[in-house]
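Shown next, in structure tokens, is the structure this report addresses.
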Amino acid sequence: SASVRILCTRPDHTKKSKTMTADPRKAAEEYLEANKLPQLLELMTAELLFHKPDDPRAFIIDYLTKVKTGGTRPLLDEKDLETVFGMFDVVQRGVINVEQADAALRNVLGPSSSLGLEAGATLTKEQFVDSMSKAMQANVPYKQ
């Protein structure tokens with residue numbers, strides 16, 4: 001009796017990175033950062049812990065749906081940034097140095113973050129809030 005062999009294949013819908021890295025760990029890190037997934041997960045987790053919904057799975061689905069249609073927003077607002085400034089301006093001089101501002105940014109956006117300002121410069125509260133707001137807005141996972 002004759003046998004029939006059927007070969008089923010599925011198309012590969014995954015997008016391959018244009019720059020492949022030989023180190024799989026490095027490639028995974030590059031993928032996560034390129035898609036801003038750590039930031040998205042951090043924002044989602046913060047929202048989840050803030051609201052503490054009875055049904056966390058439904059909350060996550062709703063959150064991701066809103067992100068898909070409306071984007072995300074930075075975790076800290078202007079008032080929060082003013083508070084952060086005050087934490088670094090412990091002697092209330094009204095200015096902090098760039099190194100302190102970069103430390104604040106690294107705490108919010110991660111270890112490789114920098115405002116890119118000249119070392120040794122100082123920032124007023126208004127300059128700090130403006131610089132931090134711009135840096136955070138540039139790094140939100142998904143923009144509107």
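Please note that chains go A, B, ... in the order of the structure tokens, that every chain numbers its residues from 1, and that ligands are numbered from 1 in the order shown.
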Distance query Ala138 of chain A at most 12 Å, only C-alpha atoms, self and fewer than 6 positions along chain excluded, as a compact mmCIF listing (two decimals) with C-alpha atoms, in the first residue's frame:
# COMPACT_ATOMS: atom_id res chain seq x y z
CA LYS A 36 11.70 49.41 25.82
CA GLN A 39 10.41 50.34 31.11
CA THR A 72 2.35 55.54 28.19
CA ARG A 73 3.35 58.48 30.30
CA PRO A 74 6.37 58.98 32.54
CA LEU A 109 15.59 55.16 33.84
CA SER A 113 21.04 57.01 31.61
CA LEU A 115 21.26 63.97 30.95
CA SER A 131 15.75 68.25 31.95
CA MET A 132 14.35 65.24 33.78
CA GLN A 144 0.98 58.71 21.86
Hey, what does DSSP flag as helix (DSSP H, G or I) within chain A? Can you give it to me as an NGL selection string? :A and (24-34 or 37-51 or 56-70 or 78-88 or 98-109 or 125-138)
| query | Which is closest to Gly71 of chain A among A:Lys125, A:Ala101, A:Asn139, A:Asp89, if we use only C-alpha atoms? | reply |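 The shortest atom-to-atom distance to Gly71 of chain A comes from A:Asn139.
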Could you pull the residues within 12 Å of Gln92 of chain A, counting only C-alpha atoms, minus those fewer than 6 positions along the same chain, as a ChimeraX atom specification? /A:85-86,124-125
Query - Selection near Glu78 of chain A, 7 Å with only C-alpha atoms, sequence-local residues under 3 positions removed, as a PyMOL selection string - result: chain A and resi 81-82+129
Using C-alpha atoms, can you write the selected residues to a file as an mmCIF file, in the first residue's frame?
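result-v1.cif, freshly written:
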data_model
loop_
_atom_site.group_PDB
_atom_site.id
_atom_site.type_symbol
_atom_site.label_atom_id
_atom_site.label_comp_id
_atom_site.auth_asym_id
_atom_site.auth_seq_id
_atom_site.Cartn_x
_atom_site.Cartn_y
_atom_site.Cartn_z
ATOM 1 C CA LEU A 81 10.501 65.721 40.294
ATOM 2 C CA GLU A 82 10.457 68.761 42.567
ATOM 3 C CA VAL A 129 12.545 69.381 36.402
#
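Checking A:Tyr63, A:Glu126, A:Gly120, A:Lys52 one by one against Leu40 of chain A, counting only C-alpha atoms, you find the shortest gap at A:Tyr63.
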Just checking: using only C-alpha atoms, which residue out of A:Pro38, A:Ala27, A:Leu76, A:Val95 ends up closest to Ser133 of chain A?
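Of the candidates, the smallest distance to Ser133 of chain A is held by A:Leu76.
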Tell me which protein, DNA and RNA residues are within 9 Å of Leu123 of chain A, counting only C-alpha atoms, leaving out same-chain ones fewer than 4 positions away, and put them as a PyMOL selection string. chain A and resi 94-98+101+127-128
Quiz prompt | DSSP-assigned strand (DSSP E or B) members of chain A, reported as an NGL selection string | solution = :A and (95-97 or 122-124)
